[in-house]
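Text of structure.tsv, listed as TSV, C-alpha atoms:
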chain	number	residue	atom	x	y	z
A	24	MET	CA	-113.86	16.00	2.89
A	25	LEU	CA	-115.88	18.21	0.63
A	26	LYS	CA	-112.72	19.15	-1.21
A	27	LYS	CA	-111.99	15.48	-2.00
A	28	LEU	CA	-115.51	14.86	-3.38
A	29	ILE	CA	-115.16	17.76	-5.76
A	30	GLN	CA	-111.86	16.31	-7.06
A	31	LEU	CA	-113.43	12.89	-7.66
A	32	ALA	CA	-116.27	14.43	-9.64
A	33	SER	CA	-113.95	16.29	-11.89
A	34	TRP	CA	-111.94	13.14	-12.61
A	35	SER	CA	-115.09	11.10	-13.49
A	36	SER	CA	-116.11	13.61	-16.12
A	37	LEU	CA	-112.91	12.91	-17.94
A	38	ILE	CA	-113.72	9.21	-18.41
A	39	ARG	CA	-115.49	8.63	-21.76
A	40	LYS	CA	-118.07	5.80	-21.97
A	41	PRO	CA	-117.81	3.51	-25.00
A	42	ASN	CA	-120.35	4.12	-27.84
A	43	ASP	CA	-121.33	2.32	-31.01
A	44	THR	CA	-118.60	3.79	-33.09
A	45	ASP	CA	-116.14	2.21	-30.82
A	46	LYS	CA	-117.46	-1.17	-31.73
A	47	GLN	CA	-116.54	-0.83	-35.48
A	48	PRO	CA	-113.62	-2.99	-36.66
A	49	LEU	CA	-110.29	-1.31	-36.88
A	50	SER	CA	-108.96	-0.62	-40.33
A	51	ILE	CA	-105.44	-1.73	-41.09
A	52	ILE	CA	-103.32	0.99	-42.60
A	53	PRO	CA	-100.47	-0.44	-44.62
A	54	LEU	CA	-97.07	0.83	-43.56
A	55	THR	CA	-94.85	2.18	-46.25
A	56	PRO	CA	-91.13	1.78	-45.72
A	57	PRO	CA	-89.23	4.99	-45.28
A	58	PRO	CA	-87.41	6.18	-48.34
A	59	GLN	CA	-84.00	4.65	-48.60
A	60	SER	CA	-80.99	6.85	-48.81
A	61	PRO	CA	-78.90	6.42	-51.97
A	62	THR	CA	-76.26	3.69	-51.58
A	63	ILE	CA	-72.69	4.84	-51.69
A	64	PRO	CA	-70.35	2.25	-53.19
A	65	SER	CA	-67.75	1.11	-50.65
A	66	VAL	CA	-64.14	1.72	-51.52
A	67	GLN	CA	-61.56	-0.79	-50.20
A	68	THR	CA	-58.46	0.96	-48.93
A	69	THR	CA	-55.22	-1.08	-48.71
A	70	THR	CA	-51.95	0.05	-47.10
A	71	PRO	CA	-49.30	0.04	-49.75
A	72	MET	CA	-46.39	-2.36	-48.98
A	73	PRO	CA	-43.04	-0.71	-48.53
A	74	ARG	CA	-40.87	-0.85	-51.59
A	75	VAL	CA	-38.26	-3.57	-51.27
A	76	SER	CA	-34.80	-2.30	-52.03
A	77	ASN	CA	-32.70	-4.42	-54.31
A	78	LEU	CA	-29.56	-2.61	-53.23
A	79	SER	CA	-26.77	-5.04	-52.35
A	80	THR	CA	-24.09	-4.37	-49.80
A	81	GLU	CA	-21.42	-5.12	-52.39
A	82	ALA	CA	-22.73	-2.44	-54.74
A	83	LEU	CA	-22.98	0.08	-51.92
A	84	VAL	CA	-19.45	-0.66	-50.72
A	85	SER	CA	-18.07	-0.47	-54.25
A	86	PHE	CA	-19.66	2.94	-54.82
A	87	ILE	CA	-18.38	4.37	-51.55
A	88	GLN	CA	-14.86	3.00	-52.06
A	89	GLU	CA	-14.64	4.58	-55.50
A	90	ASN	CA	-15.96	7.97	-54.40
A	91	HIS	CA	-15.01	8.30	-50.71
A	92	GLY	CA	-12.35	5.68	-49.87
A	93	ASN	CA	-12.29	3.04	-47.11
A	94	GLU	CA	-12.88	5.43	-44.20
A	95	PHE	CA	-15.86	7.79	-44.42
A	96	GLY	CA	-18.62	9.53	-42.49
A	97	SER	CA	-22.33	10.25	-42.70
A	98	GLU	CA	-22.06	12.48	-45.78
A	99	ALA	CA	-20.70	9.59	-47.83
A	100	VAL	CA	-23.60	7.39	-46.72
A	101	ARG	CA	-26.12	10.11	-47.67
A	102	ASP	CA	-24.45	10.48	-51.05
A	103	ALA	CA	-24.69	6.72	-51.63
A	104	ALA	CA	-28.33	6.67	-50.50
A	105	THR	CA	-29.18	9.43	-52.98
A	106	HIS	CA	-27.32	7.66	-55.78
A	107	PHE	CA	-29.15	4.37	-55.26
A	108	GLU	CA	-32.49	6.08	-54.44
A	109	VAL	CA	-32.82	4.54	-51.00
A	110	SER	CA	-33.28	6.06	-47.57
A	111	TYR	CA	-30.34	6.95	-45.37
A	112	PRO	CA	-31.32	4.34	-42.69
A	113	THR	CA	-31.39	1.63	-45.37
A	114	ALA	CA	-27.90	2.49	-46.56
A	115	ALA	CA	-26.62	2.79	-42.98
A	116	LYS	CA	-28.05	-0.65	-42.09
A	117	ARG	CA	-26.30	-2.22	-45.08
A	118	LEU	CA	-23.03	-0.83	-43.72
A	119	GLU	CA	-23.61	-1.85	-40.10
A	120	SER	CA	-20.79	-4.40	-40.04
A	121	PHE	CA	-18.32	-1.73	-41.16
A	122	LYS	CA	-19.12	0.77	-38.42
A	123	SER	CA	-16.03	1.85	-36.49
A	124	GLY	CA	-17.54	4.57	-34.30
A	125	TYR	CA	-20.30	7.14	-34.00
A	126	GLY	CA	-20.97	8.43	-37.52
A	127	ARG	CA	-17.84	6.70	-38.80
A	128	TRP	CA	-17.33	3.65	-41.04
A	129	ASN	CA	-14.26	1.67	-42.05
A	130	LEU	CA	-14.50	-0.84	-44.87
A	131	THR	CA	-11.41	-2.74	-43.66
A	132	VAL	CA	-13.05	-3.70	-40.30
A	133	ALA	CA	-15.25	-6.38	-41.80
A	134	GLU	CA	-12.27	-7.89	-43.61
A	135	ARG	CA	-10.45	-8.34	-40.30
A	136	LEU	CA	-13.57	-9.78	-38.68
A	137	GLU	CA	-14.07	-12.16	-41.58
A	138	GLN	CA	-10.52	-13.42	-41.24
A	139	THR	CA	-11.05	-13.93	-37.51
A	140	PHE	CA	-14.26	-15.89	-37.98
A	141	GLU	CA	-12.73	-18.02	-40.70
A	142	ALA	CA	-9.75	-18.86	-38.46
A	143	PRO	CA	-10.07	-22.15	-36.56
A	144	ALA	CA	-11.46	-21.79	-33.05
A	145	ALA	CA	-8.74	-24.02	-31.69
A	146	GLU	CA	-5.59	-25.51	-33.08
A	147	PRO	CA	-3.49	-28.38	-31.77
A	148	ALA	CA	-0.95	-27.41	-29.17
A	149	ILE	CA	2.05	-26.02	-30.96
A	150	GLU	CA	5.52	-27.27	-30.23
A	151	THR	CA	7.51	-24.61	-28.41
A	152	PRO	CA	11.26	-24.64	-27.82
A	153	GLN	CA	10.62	-25.21	-24.12
A	154	MET	CA	8.87	-28.50	-24.88
A	155	GLN	CA	11.96	-29.80	-26.61
A	156	ILE	CA	14.39	-29.22	-23.74
A	157	ASP	CA	15.69	-31.97	-21.53
A	158	LEU	CA	13.61	-32.09	-18.34
A	159	ILE	CA	15.86	-34.49	-16.44
A	160	PRO	CA	17.18	-32.64	-13.34
A	161	ARG	CA	20.90	-32.09	-13.00
A	162	LYS	CA	22.65	-34.37	-10.56
A	163	ASP	CA	24.12	-32.53	-7.54
A	164	ASP	CA	27.46	-33.95	-6.43
A	165	SER	CA	27.00	-32.57	-2.92
A	166	PHE	CA	23.70	-34.37	-2.38
A	167	VAL	CA	23.56	-36.86	0.51
A	168	SER	CA	20.58	-39.19	0.67
A	169	PHE	CA	18.66	-39.50	3.92
A	170	GLY	CA	15.17	-39.98	5.27
A	171	ASN	CA	12.62	-41.25	2.72
A	172	PHE	CA	14.90	-40.84	-0.29
A	173	SER	CA	15.34	-44.55	-0.95
A	174	ASP	CA	11.58	-45.18	-0.73
A	175	ILE	CA	10.78	-42.32	-3.10
A	176	LYS	CA	13.38	-43.60	-5.52
A	177	LYS	CA	11.80	-47.08	-5.43
A	178	VAL	CA	8.36	-45.66	-6.24
A	179	ILE	CA	9.69	-43.71	-9.22
A	180	SER	CA	11.82	-46.58	-10.54
A	181	SER	CA	8.84	-48.98	-10.35
A	182	GLY	CA	7.20	-47.18	-13.26
A	183	GLN	CA	3.81	-47.57	-11.60
A	184	PHE	CA	1.31	-44.79	-11.20
A	185	TYR	CA	1.49	-44.41	-7.43
A	186	PRO	CA	0.93	-40.83	-6.13
A	187	VAL	CA	3.03	-39.86	-3.12
A	188	PHE	CA	2.42	-37.15	-0.51
A	189	ILE	CA	5.52	-35.88	1.36
A	190	THR	CA	5.04	-33.70	4.44
A	191	GLY	CA	7.52	-32.09	6.80
A	192	LEU	CA	8.87	-28.83	8.18
A	193	SER	CA	10.34	-26.24	5.85
A	194	GLY	CA	13.86	-26.66	4.54
A	195	ASN	CA	14.39	-30.35	5.23
A	196	GLY	CA	14.96	-31.54	1.66
A	197	LYS	CA	11.51	-32.71	0.53
A	198	THR	CA	11.66	-31.16	-2.93
A	199	PHE	CA	15.41	-31.56	-3.37
A	200	GLY	CA	15.14	-35.27	-2.61
A	201	VAL	CA	12.55	-35.81	-5.35
A	202	GLU	CA	14.65	-33.86	-7.85
A	203	GLN	CA	17.77	-35.91	-7.08
A	204	ALA	CA	15.86	-39.18	-7.25
A	205	CYS	CA	14.76	-38.29	-10.78
A	206	ALA	CA	18.28	-37.15	-11.62
A	207	GLN	CA	19.78	-40.47	-10.54
A	208	LEU	CA	17.11	-42.44	-12.41
A	209	LYS	CA	17.35	-40.17	-15.48
A	210	ARG	CA	13.62	-39.46	-15.31
A	211	GLU	CA	12.04	-36.26	-16.54
A	212	LEU	CA	10.57	-34.05	-13.82
A	213	ILE	CA	8.08	-31.21	-14.20
A	214	ARG	CA	7.79	-29.10	-11.06
A	215	VAL	CA	4.77	-26.88	-10.45
A	216	ASN	CA	4.77	-24.43	-7.55
A	217	ILE	CA	1.22	-24.26	-6.21
A	218	THR	CA	-0.31	-21.04	-4.86
A	219	ILE	CA	-3.79	-19.94	-3.82
A	220	GLU	CA	-4.23	-18.56	-7.36
A	221	THR	CA	-3.36	-21.80	-9.19
A	222	ASP	CA	-6.34	-22.94	-11.26
A	223	GLU	CA	-7.29	-25.34	-14.06
A	224	ASP	CA	-5.89	-23.07	-16.73
A	225	ASP	CA	-2.47	-23.07	-15.02
A	226	LEU	CA	-2.41	-26.83	-14.53
A	227	ILE	CA	-4.35	-28.41	-17.41
A	228	GLY	CA	-3.90	-25.76	-20.08
A	229	GLY	CA	-5.90	-23.21	-22.01
A	230	PHE	CA	-6.16	-21.06	-25.09
A	231	ARG	CA	-3.40	-18.58	-25.86
A	232	LEU	CA	-3.11	-15.89	-28.52
A	233	VAL	CA	-0.22	-16.76	-30.85
A	234	ASN	CA	0.45	-14.59	-33.92
A	235	GLY	CA	-3.16	-13.45	-33.97
A	236	ASN	CA	-4.54	-17.00	-33.72
A	237	THR	CA	-6.27	-18.67	-30.78
A	238	VAL	CA	-4.17	-21.74	-30.00
A	239	TRP	CA	-4.53	-24.40	-27.32
A	240	HIS	CA	-1.50	-24.85	-25.08
A	241	ASN	CA	-1.02	-27.82	-22.80
A	242	GLY	CA	-0.45	-27.09	-19.13
A	243	PRO	CA	2.35	-28.76	-17.12
A	244	VAL	CA	0.06	-31.58	-15.98
A	245	ILE	CA	-0.89	-32.60	-19.54
A	246	GLU	CA	2.72	-32.20	-20.63
A	247	ALA	CA	3.89	-34.56	-17.86
A	248	MET	CA	1.17	-37.09	-18.74
A	249	GLN	CA	2.11	-37.18	-22.41
A	250	ARG	CA	5.83	-37.40	-21.72
A	251	GLY	CA	5.50	-40.02	-18.98
A	252	ALA	CA	7.32	-37.65	-16.62
A	253	VAL	CA	7.13	-37.23	-12.85
A	254	LEU	CA	4.85	-34.33	-11.88
A	255	LEU	CA	5.97	-32.57	-8.68
A	256	LEU	CA	3.25	-30.44	-7.06
A	257	ASP	CA	5.28	-28.31	-4.68
A	258	GLU	CA	3.57	-26.71	-1.64
A	259	ILE	CA	0.29	-28.44	-2.45
A	260	ASP	CA	-1.30	-27.28	0.83
A	261	LEU	CA	-1.31	-23.68	-0.46
A	262	ALA	CA	-3.89	-24.64	-3.09
A	263	SER	CA	-7.55	-23.62	-3.16
A	264	ASN	CA	-10.45	-25.88	-4.09
A	265	LYS	CA	-9.51	-25.27	-7.75
A	266	ILE	CA	-6.96	-28.06	-7.31
A	267	MET	CA	-9.90	-30.47	-7.54
A	268	CYS	CA	-9.48	-30.37	-11.33
A	269	LEU	CA	-6.79	-33.04	-10.76
A	270	GLN	CA	-9.21	-35.60	-9.31
A	271	SER	CA	-9.41	-37.83	-12.37
A	272	ILE	CA	-5.69	-37.44	-13.06
A	273	LEU	CA	-4.85	-38.71	-9.56
A	274	GLU	CA	-6.74	-41.89	-10.43
A	275	GLY	CA	-4.30	-42.60	-13.25
A	276	THR	CA	-6.94	-43.20	-15.92
A	277	GLY	CA	-6.56	-39.97	-17.88
A	278	VAL	CA	-8.48	-36.76	-18.34
A	279	PHE	CA	-10.92	-35.42	-20.92
A	280	LEU	CA	-10.10	-31.90	-22.11
A	281	LYS	CA	-13.59	-30.53	-22.53
A	282	LYS	CA	-12.41	-27.29	-24.14
A	283	ILE	CA	-10.96	-29.08	-27.17
A	284	GLY	CA	-12.80	-32.40	-26.96
A	285	GLN	CA	-9.75	-34.63	-26.53
A	286	PHE	CA	-9.03	-37.44	-24.09
A	287	ILE	CA	-5.48	-37.58	-22.77
A	288	LYS	CA	-4.25	-40.93	-21.56
A	289	PRO	CA	-1.09	-40.90	-19.40
A	290	SER	CA	2.05	-42.44	-20.86
A	291	ASP	CA	3.96	-45.13	-19.03
A	292	GLY	CA	6.01	-43.81	-16.13
A	293	PHE	CA	3.77	-40.86	-15.35
A	294	ASN	CA	3.41	-40.23	-11.62
A	295	VAL	CA	2.42	-37.47	-9.22
A	296	ILE	CA	4.36	-36.44	-6.10
A	297	ALA	CA	3.13	-33.67	-3.81
A	298	THR	CA	5.08	-31.88	-1.07
A	299	ALA	CA	3.65	-29.85	1.78
A	300	ASN	CA	4.55	-28.42	5.18
A	301	THR	CA	1.28	-29.74	6.61
A	302	LYS	CA	-0.79	-32.85	6.04
A	303	GLY	CA	-3.47	-30.91	4.20
A	304	LYS	CA	-5.31	-30.01	7.40
A	305	GLY	CA	-4.11	-26.43	7.71
A	306	SER	CA	-1.68	-24.90	10.21
A	307	ASP	CA	-3.23	-24.59	13.67
A	308	ASP	CA	-0.22	-22.81	15.19
A	309	GLY	CA	-0.11	-20.24	12.38
A	310	ARG	CA	3.46	-21.18	11.52
A	311	PHE	CA	2.64	-21.82	7.87
A	312	ILE	CA	0.36	-18.93	6.99
A	313	GLY	CA	-1.61	-19.45	3.80
A	314	THR	CA	-1.87	-23.22	4.01
A	315	ASN	CA	-5.38	-24.54	3.49
A	316	VAL	CA	-7.47	-27.52	4.49
A	317	LEU	CA	-7.54	-29.75	1.43
A	318	ASN	CA	-10.55	-31.76	0.33
A	319	GLU	CA	-10.61	-35.21	1.95
A	320	ALA	CA	-11.45	-36.92	-1.34
A	321	PHE	CA	-8.42	-35.23	-2.89
A	322	LEU	CA	-6.07	-36.37	-0.09
A	323	GLU	CA	-7.50	-39.88	-0.24
A	324	ARG	CA	-6.13	-40.24	-3.78
A	325	PHE	CA	-2.56	-40.29	-2.42
A	326	PRO	CA	-1.95	-43.92	-1.38
A	327	VAL	CA	1.12	-43.17	0.77
A	328	THR	CA	2.33	-40.24	2.86
A	329	PHE	CA	5.99	-39.88	3.87
A	330	GLU	CA	6.90	-37.77	6.90
A	331	GLN	CA	10.23	-36.06	6.29
A	332	ASP	CA	12.33	-35.03	9.32
A	333	TYR	CA	15.61	-33.15	9.50
A	334	PRO	CA	18.71	-35.28	8.94
A	335	THR	CA	20.78	-36.57	11.86
A	336	ILE	CA	23.92	-34.74	12.99
A	337	ALA	CA	26.14	-37.21	11.15
A	338	THR	CA	24.21	-36.88	7.88
A	339	GLU	CA	24.00	-33.10	8.14
A	340	THR	CA	27.73	-32.88	8.84
A	341	LYS	CA	28.38	-34.86	5.68
A	342	ILE	CA	26.08	-32.60	3.66
A	343	LEU	CA	27.75	-29.38	4.85
A	344	ASN	CA	31.30	-30.70	4.49
A	345	LYS	CA	30.65	-31.73	0.86
A	346	LEU	CA	29.13	-28.34	0.12
A	347	ALA	CA	31.98	-26.43	1.79
A	348	GLU	CA	34.52	-28.43	-0.18
A	349	LYS	CA	32.63	-27.79	-3.40
A	350	LEU	CA	32.60	-24.02	-2.66
A	351	GLY	CA	36.30	-23.99	-1.79
A	352	CYS	CA	35.92	-23.18	1.91
A	353	PRO	CA	36.39	-26.45	3.81
A	354	ASP	CA	36.15	-25.98	7.61
A	355	GLU	CA	35.28	-29.12	9.52
A	356	GLU	CA	35.29	-27.39	12.90
A	357	PHE	CA	32.82	-24.76	11.74
A	358	VAL	CA	30.60	-27.42	10.22
A	359	ASP	CA	30.72	-29.47	13.41
A	360	ASN	CA	29.70	-26.44	15.47
A	361	LEU	CA	26.83	-25.61	13.12
A	362	THR	CA	25.30	-29.09	13.18
A	363	LYS	CA	25.48	-29.31	16.99
A	364	TRP	CA	24.03	-25.82	17.31
A	365	ALA	CA	21.12	-26.65	14.97
A	366	ASP	CA	20.42	-29.98	16.70
A	367	ILE	CA	20.05	-28.33	20.13
A	368	ILE	CA	17.67	-25.71	18.73
A	369	ARG	CA	15.54	-28.34	16.98
A	370	ARG	CA	15.16	-30.44	20.10
A	371	THR	CA	14.17	-27.34	22.04
A	372	PHE	CA	11.68	-26.43	19.31
A	373	LYS	CA	9.97	-29.83	19.55
A	374	THR	CA	9.35	-29.32	23.27
A	375	GLY	CA	7.98	-25.81	22.74
A	376	GLY	CA	11.01	-24.02	24.19
A	377	VAL	CA	11.44	-21.83	21.10
A	378	ASP	CA	9.16	-20.72	18.27
A	379	GLU	CA	11.78	-20.83	15.54
A	380	VAL	CA	14.01	-23.55	14.16
A	381	ILE	CA	17.25	-23.77	12.20
A	382	SER	CA	16.60	-25.85	9.08
A	383	THR	CA	19.08	-27.73	6.92
A	384	ARG	CA	18.46	-25.14	4.24
A	385	ARG	CA	19.44	-22.39	6.73
A	386	LEU	CA	22.72	-24.18	7.45
A	387	VAL	CA	23.40	-24.40	3.72
A	388	HIS	CA	22.84	-20.63	3.54
A	389	VAL	CA	25.39	-20.14	6.33
A	390	ILE	CA	28.02	-22.20	4.48
A	391	ARG	CA	27.43	-20.25	1.28
A	392	ALA	CA	27.68	-16.96	3.17
A	393	PHE	CA	30.91	-18.21	4.76
A	394	SER	CA	32.34	-18.96	1.31
A	395	ILE	CA	31.61	-15.34	0.32
A	396	PHE	CA	32.53	-13.34	3.46
A	397	LYS	CA	35.22	-15.69	4.86
A	398	ASN	CA	33.99	-14.89	8.36
A	399	ARG	CA	32.11	-17.34	10.60
A	400	LYS	CA	30.33	-14.80	12.79
A	401	LYS	CA	29.21	-12.64	9.85
A	402	ALA	CA	28.00	-15.70	7.98
A	403	ILE	CA	25.79	-16.68	10.92
A	404	ASP	CA	24.73	-13.09	11.56
A	405	VAL	CA	23.42	-12.35	8.09
A	406	CYS	CA	21.63	-15.70	7.86
A	407	ILE	CA	19.67	-15.38	11.11
A	408	ASN	CA	18.74	-11.71	10.74
A	409	ARG	CA	15.33	-12.88	9.55
A	410	PHE	CA	14.38	-13.81	13.14
A	411	ASP	CA	13.20	-11.30	15.73
A	412	ASP	CA	15.85	-9.66	17.93
A	413	VAL	CA	15.23	-11.78	21.02
A	414	THR	CA	15.38	-15.06	19.11
A	415	LYS	CA	18.40	-13.95	17.12
A	416	GLN	CA	20.35	-12.99	20.26
A	417	GLY	CA	19.43	-16.27	21.92
A	418	PHE	CA	20.69	-18.22	18.89
A	419	LEU	CA	23.94	-16.23	18.86
A	420	ASP	CA	24.50	-16.81	22.57
A	421	LEU	CA	23.96	-20.53	22.12
A	422	TYR	CA	26.38	-20.70	19.20
A	423	GLY	CA	28.96	-18.87	21.32
A	424	LYS	CA	28.72	-21.61	23.93
A	425	VAL	CA	28.99	-24.34	21.28
A	426	ASP	CA	31.98	-22.62	19.70
A	427	ALA	CA	33.66	-22.22	23.09
A	428	LYS	CA	33.16	-25.91	23.75
A	429	GLU	CA	31.22	-25.14	26.90
A	430	GLU	CA	29.38	-27.97	28.58
A	431	ILE	CA	25.78	-27.86	27.35
A	432	GLU	CA	23.04	-30.03	28.76
A	433	THR	CA	21.63	-32.44	26.22
A	434	GLU	CA	18.14	-32.16	27.65
A	435	ALA	CA	16.19	-29.82	25.45
A	436	GLU	CA	14.51	-28.05	28.36
A	437	GLU	CA	17.87	-27.04	29.80
A	438	ALA	CA	19.85	-26.71	26.60
A	439	THR	CA	19.05	-23.11	25.68
A	440	PRO	CA	18.63	-19.85	27.58
A	441	ALA	CA	15.10	-18.83	28.57
A	442	THR	CA	15.47	-15.65	26.55
A	443	PHE	CA	14.55	-17.46	23.35
Starting from the file, lay out its structure as structure tokens.
Amino acid sequence: MLKKLIQLASWSSLIRKPNDTDKQPLSIIPLTPPPQSPTIPSVQTTTPMPRVSNLSTEALVSFIQENHGNEFGSEAVRDAATHFEVSYPTAAKRLESFKSGYGRWNLTVAERLEQTFEAPAAEPAIETPQMQIDLIPRKDDSFVSFGNFSDIKKVISSGQFYPVFITGLSGNGKTFGVEQACAQLKRELIRVNITIETDEDDLIGGFRLVNGNTVWHNGPVIEAMQRGAVLLLDEIDLASNKIMCLQSILEGTGVFLKKIGQFIKPSDGFNVIATANTKGKGSDDGRFIGTNVLNEAFLERFPVTFEQDYPTIATETKILNKLAEKLGCPDEEFVDNLTKWADIIRRTFKTGGVDEVISTRRLVHVIRAFSIFKNRKKAIDVCINRFDDVTKQGFLDLYGKVDAKEEIETEAEEATPATF
């Protein structure tokens, strides 16, 4: 406690009491501004603009051509840059369009490019020798009409735009019938074999390089439209969805070629006929591998569908006899055996007894082979070798019975051996 009192006393002695002098008014001492430092005049600094070169490309090219030729390297560019008092990058940039490689220039490159750019982007379709040929099919003297031939002929002769869809098993005369109908009516026919790769360029047309020029060439569809010909789309069920480019054409109103800005209106007589092994719904049994399901809107644009079957025995006999006579190997007995043999196999095929069938086309092959080898058995042998061994042997056994005039049941289930 005593220690604290001593501290307080010492602090109080430090506090000064006010006296009279403290009561005097305060004098105001004027403040003098500090001495100013000498002003340094400001200097405006501006970045000098780069010197604009008046060097023209023509002058640069002329100098290099005179001193270094049309093909040159970096040294020639440096020489030109020194001569015109410009930097190397400036000279190199002026020659950019002439560059042919790393550190290499060719003054003829730009000339070729200039000619290309000045050439028209598209020219009218040129007339080729193929366009001038006669497209009317040749009449076949051995042809025998059957099935839907008369109906197809009526559609074509009507001159109306009436697309037709023909479906049926392979080798039963779908395509041949259309060709002969056009031959008899003297109508031009353009046949296009459709595959999975067929696209708009194949059908409608596209640009082709002709003598260094880009030229538009009509496809077979446009060619048929302009000529008023019959367009045959063979094996249409092999097509992909790219076939949809024909939608407007199947309506008969025409098509606008967007690549060249032209509208093509079909000429009188133009028509479209399509053939297929299916009805555009694919092949469920896998018999026709590669066939596709076609778009319903595409199929709907075919007003009629004809189902083509194999000809009757009588008709087929007539077909083969006319062909054998034409080939100089008439043999009515052989022809009679072949047609009976094929008919039994077809009836068995329809009931599921066999997986293979003998088509009219296959019988034609046999007759042609017979005209070459002059041997019935060999003609049949070589023409059915395409089948597997079991089926082939079954077919041969059946023909042996037909040839021997053995009694064969007409019922399909009992007509052929169980081996095939």
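Using only C-alpha atoms for every distance, the candidate list A:Thr383, A:Thr113, A:Thr374, A:Ser263 yields A:Thr383 as the residue closest to Ile342 of chain A.
Going from atom CA of Ser165 of chain A to atom CA of Cys406 of chain A covers 20.7 Å.
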Go through A:Gly303, A:Gly277, A:Pro112, A:Gly423 one by one, measure the shortest atom-to-atom distance of each to Thr190 of chain A using all atoms listed in the file, and give the residue with the smallest value.
->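 Using all atoms listed in the file, Thr190 of chain A sits closest to A:Gly303.
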Mind checking which residues fall within 8 Å of Phe325 of chain A, counting all atoms listed in the file, ignoring those fewer than 2 positions away in the same chain, and posting them as a ChimeraX atom specification?
-> /A:185-188,273,321-323,327-328
Of A:Phe95, A:Asp354, A:Ser110, A:Thr221, the one sitting nearest Tyr125 of chain A when using only C-alpha atoms is A:Phe95
d(atom CA of Asp411 of chain A, atom CA of Arg385 of chain A) in Å =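 Atom CA of Arg385 of chain A lies 15.6 Å from atom CA of Asp411 of chain A.
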Contacts of Ile219 of chain A at 8 Å (only C-alpha atoms; same-chain gap of 6+ positions) as an mmCIF file with C-alpha atoms, in the coordinates of the input:
data_model
loop_
_atom_site.group_PDB
_atom_site.id
_atom_site.type_symbol
_atom_site.label_atom_id
_atom_site.label_comp_id
_atom_site.auth_asym_id
_atom_site.auth_seq_id
_atom_site.Cartn_x
_atom_site.Cartn_y
_atom_site.Cartn_z
ATOM 1 C CA LEU A 261 -1.310 -23.680 -0.460
ATOM 2 C CA ALA A 262 -3.890 -24.640 -3.090
ATOM 3 C CA SER A 263 -7.550 -23.620 -3.160
ATOM 4 C CA GLY A 313 -1.610 -19.450 3.800
#
Name the residues, using the chain letters and numbers of the file, that sit within 6 Å of (4.3, -34.9, -14.0) when counting all atoms listed in the file, and give them as a VMD selection string.
-> chain A and resid 213 244 247 252 to 254 294 to 295
For those residues, write C-alpha atoms to a file as a PDB file, keeping the file's coordinate frame.
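Done, and the output landed in out07.pdb:
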ATOM      1  CA  ILE A 213       8.080 -31.210 -14.200  1.00  0.00           C
ATOM      2  CA  VAL A 244       0.060 -31.580 -15.980  1.00  0.00           C
ATOM      3  CA  ALA A 247       3.890 -34.560 -17.860  1.00  0.00           C
ATOM      4  CA  ALA A 252       7.320 -37.650 -16.620  1.00  0.00           C
ATOM      5  CA  VAL A 253       7.130 -37.230 -12.850  1.00  0.00           C
ATOM      6  CA  LEU A 254       4.850 -34.330 -11.880  1.00  0.00           C
ATOM      7  CA  ASN A 294       3.410 -40.230 -11.620  1.00  0.00           C
ATOM      8  CA  VAL A 295       2.420 -37.470  -9.220  1.00  0.00           C
TER       9      VAL A 295
END
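Here atom CA of Asp420 of chain A and atom CA of Ile312 of chain A stand 28.8 Å from one another.
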In terms of the shortest atom-to-atom distance over all atoms listed in the file, which of A:Leu226, A:Ile272, A:Ile287, A:Ile296 is closest to Gly200 of chain A?
-> A:Ile296
Final N, CA and C atoms of segment 112-120 of chain A as an mmCIF file, in the frame of the given file:
data_model
loop_
_atom_site.group_PDB
_atom_site.id
_atom_site.type_symbol
_atom_site.label_atom_id
_atom_site.label_comp_id
_atom_site.auth_asym_id
_atom_site.auth_seq_id
_atom_site.Cartn_x
_atom_site.Cartn_y
_atom_site.Cartn_z
ATOM 1 N N PRO A 112 -31.382 5.495 -43.613
ATOM 2 C CA PRO A 112 -31.320 4.340 -42.690
ATOM 3 C C PRO A 112 -31.055 3.024 -43.400
ATOM 4 N N THR A 113 -31.614 2.872 -44.631
ATOM 5 C CA THR A 113 -31.390 1.630 -45.370
ATOM 6 C C THR A 113 -29.909 1.468 -45.720
ATOM 7 N N ALA A 114 -29.327 2.553 -46.201
ATOM 8 C CA ALA A 114 -27.900 2.490 -46.560
ATOM 9 C C ALA A 114 -27.042 2.256 -45.315
ATOM 10 N N ALA A 115 -27.398 2.939 -44.210
ATOM 11 C CA ALA A 115 -26.620 2.790 -42.980
ATOM 12 C C ALA A 115 -26.708 1.361 -42.445
ATOM 13 N N LYS A 116 -27.891 0.729 -42.567
ATOM 14 C CA LYS A 116 -28.050 -0.650 -42.090
ATOM 15 C C LYS A 116 -27.215 -1.615 -42.916
ATOM 16 N N ARG A 117 -27.116 -1.355 -44.232
ATOM 17 C CA ARG A 117 -26.300 -2.220 -45.080
ATOM 18 C C ARG A 117 -24.820 -2.150 -44.661
ATOM 19 N N LEU A 118 -24.435 -1.034 -44.093
ATOM 20 C CA LEU A 118 -23.030 -0.830 -43.720
ATOM 21 C C LEU A 118 -22.777 -1.054 -42.228
ATOM 22 N N GLU A 119 -23.711 -1.707 -41.557
ATOM 23 C CA GLU A 119 -23.610 -1.850 -40.100
ATOM 24 C C GLU A 119 -22.340 -2.596 -39.664
ATOM 25 N N SER A 120 -21.962 -3.599 -40.419
ATOM 26 C CA SER A 120 -20.790 -4.400 -40.040
ATOM 27 C C SER A 120 -19.479 -3.647 -40.224
#
